[in-house]
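Trainee: One file: start-v8.cif (mmCIF, C-alpha atoms).
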data_my_file
#
loop_
_atom_site.label_atom_id
_atom_site.label_comp_id
_atom_site.auth_asym_id
_atom_site.auth_seq_id
_atom_site.Cartn_x
_atom_site.Cartn_y
_atom_site.Cartn_z
CA MET A 1 -227.34 78.79 96.57
CA ALA A 2 -230.89 79.06 97.88
CA VAL A 3 -232.12 82.38 99.26
CA ILE A 4 -235.29 82.21 101.35
CA ALA A 5 -237.02 85.30 102.73
CA VAL A 6 -239.06 84.59 105.87
CA ALA A 7 -241.74 87.25 105.65
CA ASN A 8 -245.07 88.37 107.04
CA GLN A 9 -245.92 92.03 107.62
CA LYS A 10 -247.70 91.07 110.85
CA GLY A 11 -245.44 91.02 113.89
CA GLY A 12 -245.38 88.27 116.49
CA VAL A 13 -245.99 85.35 114.14
CA GLY A 14 -242.68 83.58 114.75
CA LYS A 15 -240.51 84.88 111.89
CA THR A 16 -237.35 85.31 113.93
CA ALA A 17 -237.73 82.03 115.83
CA THR A 18 -238.28 80.29 112.49
CA VAL A 19 -235.17 81.80 110.89
CA LEU A 20 -232.96 80.80 113.82
CA ASN A 21 -234.36 77.33 114.40
CA LEU A 22 -234.81 76.39 110.76
CA GLY A 23 -231.27 77.61 110.13
CA ALA A 24 -229.95 75.58 113.05
CA ALA A 25 -231.85 72.49 111.89
CA LEU A 26 -230.42 72.84 108.36
CA ALA A 27 -226.92 73.35 109.76
CA GLU A 28 -227.39 70.26 111.94
CA VAL A 29 -227.73 68.08 108.83
CA GLY A 30 -224.64 69.60 107.20
CA GLU A 31 -226.01 72.52 105.19
CA LYS A 32 -223.96 75.73 105.11
CA VAL A 33 -226.37 78.39 106.38
CA VAL A 34 -226.16 82.18 106.52
CA LEU A 35 -228.80 84.04 108.54
CA VAL A 36 -229.41 87.65 107.51
CA ASP A 37 -231.04 89.94 110.07
CA LEU A 38 -232.87 92.60 108.06
CA ASP A 39 -235.04 93.80 110.95
CA PRO A 40 -234.00 97.03 112.74
CA GLN A 41 -235.23 95.51 116.01
CA ALA A 42 -232.28 93.08 115.68
CA ASN A 43 -234.09 90.32 117.55
CA LEU A 44 -232.41 87.61 115.50
CA THR A 45 -229.01 89.10 116.32
CA THR A 46 -229.90 89.16 120.01
CA ILE A 47 -231.25 85.62 120.30
CA ALA A 48 -228.23 84.34 118.36
CA GLY A 49 -226.11 85.61 121.25
CA VAL A 50 -224.41 88.57 119.52
CA GLU A 51 -223.95 91.47 121.93
CA GLU A 52 -221.60 93.83 120.08
CA VAL A 53 -221.82 94.68 116.38
CA GLU A 54 -219.17 96.57 114.42
CA LEU A 55 -220.73 96.29 110.97
CA SER A 56 -224.32 95.32 110.23
CA THR A 57 -226.91 95.00 107.49
CA HIS A 58 -227.21 98.80 107.66
CA ASP A 59 -223.60 99.09 106.41
CA LEU A 60 -224.13 96.28 103.92
CA LEU A 61 -227.08 97.99 102.25
CA LEU A 62 -225.84 101.58 102.31
CA SER A 63 -222.08 101.37 101.75
CA THR A 64 -220.57 100.37 98.42
CA GLU A 65 -217.34 99.50 100.21
CA VAL A 66 -218.81 96.95 102.63
CA GLU A 67 -219.10 93.40 101.33
CA LEU A 68 -220.96 90.42 102.76
CA ARG A 69 -217.77 88.86 104.14
CA ASP A 70 -217.09 92.05 106.12
CA VAL A 71 -220.29 91.75 108.14
CA THR A 72 -220.66 87.97 108.45
CA LEU A 73 -220.06 86.50 111.90
CA MET A 74 -219.65 82.84 112.77
CA THR A 75 -221.96 81.61 115.50
CA PRO A 76 -221.03 79.04 118.16
CA TRP A 77 -222.88 76.42 116.12
CA GLU A 78 -221.22 74.58 113.26
CA ASN A 79 -222.23 75.56 109.70
CA LEU A 80 -224.26 78.54 110.94
CA ALA A 81 -223.23 82.15 110.22
CA LEU A 82 -225.01 85.44 110.92
CA VAL A 83 -225.17 88.84 109.24
CA PRO A 84 -226.26 90.98 112.22
CA SER A 85 -228.54 93.98 112.46
CA GLU A 86 -228.66 97.03 114.71
CA SER A 87 -231.09 99.88 115.35
CA PRO A 88 -229.61 102.35 112.78
CA LEU A 89 -231.04 100.04 110.10
CA ALA A 90 -234.39 101.73 110.77
CA ALA A 91 -233.05 104.83 109.01
CA ALA A 92 -232.36 102.78 105.89
CA GLU A 93 -236.02 102.99 104.89
CA VAL A 94 -235.59 106.75 104.41
CA GLN A 95 -232.04 106.58 103.07
CA LEU A 96 -232.91 103.98 100.46
CA SER A 97 -235.94 105.90 99.22
CA SER A 98 -233.74 108.18 97.10
CA ALA A 99 -230.85 105.78 96.43
CA ARG A 100 -229.98 104.19 93.11
CA ALA A 101 -230.86 100.51 92.71
CA ARG A 102 -232.50 100.76 96.13
CA GLN A 103 -234.48 97.55 95.71
CA GLN A 104 -231.53 95.44 94.56
CA ARG A 105 -228.97 96.34 97.23
CA LEU A 106 -229.17 93.05 99.13
CA ALA A 107 -229.34 90.94 95.97
CA GLN A 108 -226.13 92.54 94.72
CA LYS A 109 -224.32 91.88 97.99
CA LEU A 110 -225.38 88.21 98.10
CA GLN A 111 -223.83 87.49 94.71
CA GLY A 112 -220.77 85.32 94.95
CA LEU A 113 -221.84 83.22 97.93
CA ALA A 114 -220.59 79.67 97.74
CA GLU A 115 -222.69 77.18 95.80
CA GLY A 116 -224.86 75.13 98.13
CA THR A 117 -225.21 77.87 100.75
CA VAL A 118 -228.69 78.38 102.21
CA VAL A 119 -229.51 82.00 103.06
CA LEU A 120 -232.42 82.74 105.40
CA ILE A 121 -233.52 86.39 105.65
CA ASP A 122 -235.41 87.66 108.68
CA THR A 123 -237.59 90.56 107.53
CA PRO A 124 -239.22 93.40 109.51
CA PRO A 125 -242.98 93.42 110.21
CA SER A 126 -243.66 95.87 107.38
CA LEU A 127 -243.63 96.02 103.59
CA GLY A 128 -241.10 98.84 103.12
CA PHE A 129 -237.77 98.94 101.27
CA LEU A 130 -236.12 96.46 103.62
CA THR A 131 -238.70 93.76 102.93
CA ILE A 132 -238.68 94.61 99.21
CA ASN A 133 -234.88 94.15 99.24
CA ALA A 134 -235.33 90.74 100.85
CA LEU A 135 -237.97 89.66 98.32
CA THR A 136 -235.89 90.95 95.41
CA ALA A 137 -232.87 88.98 96.64
CA ALA A 138 -234.81 85.80 97.41
CA ASP A 139 -235.61 82.78 95.30
CA GLN A 140 -238.50 81.83 97.56
CA VAL A 141 -240.69 83.15 100.37
CA LEU A 142 -241.55 81.22 103.51
CA MET A 143 -244.54 82.73 105.31
CA PRO A 144 -245.04 81.96 109.01
CA VAL A 145 -248.74 82.27 109.82
CA GLN A 146 -250.09 82.31 113.33
CA THR A 147 -253.18 80.14 113.57
CA SER A 148 -255.70 82.94 114.08
CA TYR A 149 -258.19 84.63 111.77
CA LEU A 150 -256.55 88.04 112.19
CA ALA A 151 -253.23 86.60 111.06
CA MET A 152 -254.91 85.08 108.01
CA GLN A 153 -256.18 88.48 106.92
CA GLY A 154 -252.63 89.80 106.58
CA LEU A 155 -251.76 87.20 103.96
CA ARG A 156 -253.51 89.05 101.15
CA GLN A 157 -251.33 92.13 101.41
CA LEU A 158 -248.10 90.13 101.43
CA LEU A 159 -249.25 88.03 98.48
CA ARG A 160 -249.99 91.24 96.53
CA THR A 161 -246.53 92.53 97.41
CA ILE A 162 -244.97 89.31 96.15
CA GLU A 163 -246.87 89.74 92.87
CA ARG A 164 -245.55 93.32 92.50
CA VAL A 165 -241.99 92.17 93.16
CA GLN A 166 -242.43 89.44 90.54
CA GLU A 167 -243.62 92.05 88.03
CA ARG A 168 -240.93 94.66 88.74
CA THR A 169 -237.71 93.29 90.21
CA ASN A 170 -237.72 89.50 90.63
CA PRO A 171 -239.81 87.49 88.15
CA ASP A 172 -238.39 84.20 89.48
CA LEU A 173 -239.64 84.72 93.04
CA ARG A 174 -242.02 82.02 94.23
CA LEU A 175 -243.88 81.07 97.38
CA LEU A 176 -242.09 78.19 99.10
CA GLY A 177 -244.88 77.59 101.57
CA LEU A 178 -246.94 78.66 104.56
CA LEU A 179 -245.80 77.57 108.00
CA LEU A 180 -248.40 77.36 110.76
CA THR A 181 -246.96 78.69 114.01
CA MET A 182 -248.10 78.99 117.64
CA TYR A 183 -250.50 76.13 116.97
CA ASP A 184 -252.60 74.85 119.86
CA ALA A 185 -254.29 71.64 118.76
CA ARG A 186 -256.56 71.76 121.82
CA THR A 187 -258.52 74.74 120.49
CA ARG A 188 -261.20 74.50 117.85
CA HIS A 189 -260.25 77.94 116.58
CA ALA A 190 -256.71 76.84 115.67
CA GLN A 191 -258.03 73.69 114.02
CA GLU A 192 -260.49 75.70 111.90
CA VAL A 193 -257.82 78.19 110.79
CA LYS A 194 -255.52 75.32 109.82
CA GLN A 195 -258.28 73.66 107.81
CA ARG A 196 -259.18 76.89 105.99
CA LEU A 197 -255.58 77.53 105.04
CA ILE A 198 -255.19 74.00 103.70
CA GLU A 199 -258.44 74.34 101.72
CA HIS A 200 -257.26 77.61 100.19
CA PHE A 201 -253.53 76.96 99.68
CA GLY A 202 -253.40 73.17 99.44
CA ASP A 203 -249.89 71.69 99.25
CA LEU A 204 -248.34 75.13 99.85
CA VAL A 205 -249.08 74.63 103.56
CA PHE A 206 -246.17 72.79 105.15
CA ASP A 207 -246.97 69.52 106.89
CA SER A 208 -244.77 70.73 109.74
CA VAL A 209 -246.68 72.73 112.34
CA ILE A 210 -244.91 74.69 115.07
CA PRO A 211 -246.70 74.25 118.41
CA ARG A 212 -247.24 77.00 120.95
CA THR A 213 -244.79 76.47 123.81
CA VAL A 214 -243.14 78.45 126.59
CA ALA A 215 -239.86 76.76 125.63
CA PHE A 216 -239.28 79.53 123.08
CA ASP A 217 -239.09 82.04 125.94
CA TYR A 218 -236.40 80.00 127.65
CA ALA A 219 -234.46 79.75 124.38
CA THR A 220 -234.65 83.52 123.94
CA VAL A 221 -233.24 84.10 127.43
CA ALA A 222 -230.50 81.55 126.80
CA ALA A 223 -229.68 83.12 123.39
CA GLU A 224 -229.68 79.67 121.86
CA PRO A 225 -231.73 77.87 119.20
CA LEU A 226 -234.54 75.85 120.71
CA ILE A 227 -233.39 72.77 118.84
CA HIS A 228 -230.16 72.88 120.87
CA LEU A 229 -231.61 73.99 124.20
CA ARG A 230 -234.56 71.55 124.15
CA PRO A 231 -233.56 69.12 121.39
CA ARG A 232 -236.32 66.59 122.10
CA SER A 233 -239.15 69.06 122.55
CA PRO A 234 -242.10 68.88 120.11
CA ALA A 235 -241.19 72.32 118.68
CA ALA A 236 -237.58 71.27 118.06
CA GLU A 237 -238.74 68.14 116.27
CA ALA A 238 -241.17 70.24 114.22
CA TYR A 239 -238.34 72.46 113.00
CA ARG A 240 -236.25 69.42 112.08
CA LYS A 241 -239.21 68.12 110.08
CA LEU A 242 -239.57 71.56 108.47
CA ALA A 243 -235.90 71.53 107.47
CA LYS A 244 -236.46 68.28 105.57
CA GLU A 245 -239.50 69.76 103.82
CA VAL A 246 -237.61 72.94 102.89
CA LEU A 247 -234.70 70.95 101.41
CA LYS A 248 -237.13 68.87 99.40
CA ARG A 249 -239.01 71.90 98.07
CA ALA A 250 -236.07 74.27 97.59
#
What would you get if you wrote out this structure as structure tokens?
Mentor:
Amino acid sequence: MAVIAVANQKGGVGKTATVLNLGAALAEVGEKVVLVDLDPQANLTTIAGVEEVELSTHDLLLSTEVELRDVTLMTPWENLALVPSESPLAAAEVQLSSARARQQRLAQKLQGLAEGTVVLIDTPPSLGFLTINALTAADQVLMPVQTSYLAMQGLRQLLRTIERVQERTNPDLRLLGLLLTMYDARTRHAQEVKQRLIEHFGDLVFDSVIPRTVAFDYATVAAEPLIHLRPRSPAAEAYRKLAKEVLKRA
């Protein structure tokens, strides 16, 4: 089992689109994939086409009686399952603050998943207990980074958080790689940001680069992964390439 947290405390960098499309690309090549929506905004749940939720990650984290199988839903796409979220998850930040083993709740619930399963966790744009739970449960962190200088500045805080998690709750956690998103090769600014990241992080920067495209908006409206809606689009091909890189690294 490989557990990958897709994290960046900055919003709007493509975390949710990456979880859904990377998951779909992995499922397409035969991997068994479970997507975990750990964001109270529930955007992953919405764009995966789930309209009604009986049990969610809120119940999974806060109830000792709810197990992973109780909240896991099969999607219309083969090999791809979803653990949905809903807005009450926002209260979990407060509820977990005084709970026992509050940082290990998700890790405990993921135990027992079938060997060979790939788990992708969509995290909220913050570094609270929900993100800490994701990092504590994960083997690796994939960081989507929008190609802008402001987005680069947010990397330091997340890297410090990863170091604290390594020290306190998950010494085996490692950085899988940085994924450049919303990339516009026509602009010098995007090219410079890409070059600086490669100079600083080297091979940790994925070769795959996700281009900026309006096709993501259409996929959101259709509640379908882009790689299915526009299978031959440059962004879809980029996620298929990313899936190969992730399998090789993970």
Trainee: So, with only C-alpha atoms as the atoms that count, which of A:Ala25, A:Ala91, A:Ala137, A:Leu173 lies closest to Pro231 in chain A?
Mentor: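 Using only C-alpha atoms, Pro231 in chain A sits closest to A:Ala25.
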Trainee: Contacts between range 174-182 of chain A and range 16-113 of chain A, please, where a residue of range 16-113 of chain A counts if it comes within 12 Å (with all atoms listed in the file); show its shortest atom pair and distance in Å to one decimal, rows by chain and ascending number, as a Markdown table.
Mentor:
| residue | atom | partner | partner_atom | distance |
| --- | --- | --- | --- | --- |
| A:Thr16 | CA | A:Thr181 | CA | 11.7 |
| A:Ala17 | CA | A:Thr181 | CA | 10.0 |
| A:Thr18 | CA | A:Thr181 | CA | 9.0 |
| A:Val19 | CA | A:Leu179 | CA | 11.8 |
| A:Leu22 | CA | A:Leu179 | CA | 11.4 |
Trainee: Selection in question (the file shown): the PyMOL selection byres ((chain A and resi 165) around 12). Which residues does it include, as a VMD selection string?
Mentor: chain A and resid 103 to 104 127 129 131 to 141 158 to 164 166 to 174
Trainee: Take the PyMOL selection byres ((chain A and resi 46) around 10), run it mentally on this structure, and tell me the resulting residues as a compact mmCIF listing (two decimals) with C-alpha atoms, in the coordinates of the input.
Mentor:
# COMPACT_ATOMS: atom_id res chain seq x y z
CA GLN A 41 -235.23 95.51 116.01
CA ALA A 42 -232.28 93.08 115.68
CA ASN A 43 -234.09 90.32 117.55
CA LEU A 44 -232.41 87.61 115.50
CA THR A 45 -229.01 89.10 116.32
CA ILE A 47 -231.25 85.62 120.30
CA ALA A 48 -228.23 84.34 118.36
CA GLY A 49 -226.11 85.61 121.25
CA VAL A 50 -224.41 88.57 119.52
CA GLU A 51 -223.95 91.47 121.93
CA GLU A 52 -221.60 93.83 120.08
CA PRO A 84 -226.26 90.98 112.22
CA SER A 85 -228.54 93.98 112.46
CA GLU A 86 -228.66 97.03 114.71
CA THR A 220 -234.65 83.52 123.94
CA VAL A 221 -233.24 84.10 127.43
CA ALA A 223 -229.68 83.12 123.39
CA GLU A 224 -229.68 79.67 121.86
Trainee: Which of these residues is nearest to Gly12 in chain A, using only C-alpha atoms: A:Val145, A:Leu204, A:Ala24, A:Ile227?
Mentor: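 Once distances to Gly12 in chain A are computed over only C-alpha atoms, the minimum belongs to A:Val145.
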Trainee: Tell me, as an MDAnalysis selection string, which residues lie within 8 Å of range 152-156 of chain A, counting all atoms listed in the file; anything in the same chain fewer than 6 positions away does not count.
Mentor: chainID A and resid 8:10 145:146 193
Trainee: The centre and edge lengths of an axis-aligned box containing all atoms of range 20-28 of chain A present in the file, extended by 6 Å on each side, are to be given in Å to one decimal, as AutoDock Vina command-line options.
Mentor:
--center_x -230.9 --center_y 75.5 --center_z 111.4 --size_x 19.9 --size_y 22.5 --size_z 18.0
Trainee: Name the residues in contact with Ala185 in chain A at a cut-off of 12 Å, using only C-alpha atoms, excluding same-chain residues fewer than 2 positions from it; report them as a list of chain:residue names.
Mentor: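 With the cut-off at 12 Å, the set is A:Thr147, A:Leu180, A:Thr181, A:Met182, A:Tyr183, A:Thr187, A:Arg188, A:His189, A:Ala190, A:Gln191, A:Glu192, A:Val193, A:Lys194, A:Gln195, A:Val209, A:Ile210, A:Pro211, A:Arg212, A:Thr213.
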Trainee: Record the distance separating CA of Ala81 in chain A and CA of Ala27 in chain A, expressed in Å with one decimal.
Mentor: 9.6 Å
Trainee: Set the distance at 7 Å and use only C-alpha atoms: which residues neighbour Ala7 in chain A once local chain neighbours fewer than 6 positions away are removed? I'd like the list as a list in words.
Mentor: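 Here the answer would be Lys15, Thr123, Val141, Leu142 and Met143 of chain A.
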Trainee: Could you jot down the CA of Leu26 in chain A to CA of Ala243 in chain A separation for me, Å, one decimal place?
Mentor: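 Interatomic distance, CA of Leu26 in chain A to CA of Ala243 in chain A: 5.7 Å.
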Trainee: Tell me, in Å to one decimal, how far CA of Leu68 in chain A is from CA of Val83 in chain A.
Mentor: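 Separation between CA of Leu68 in chain A and CA of Val83 in chain A: 7.9 Å.
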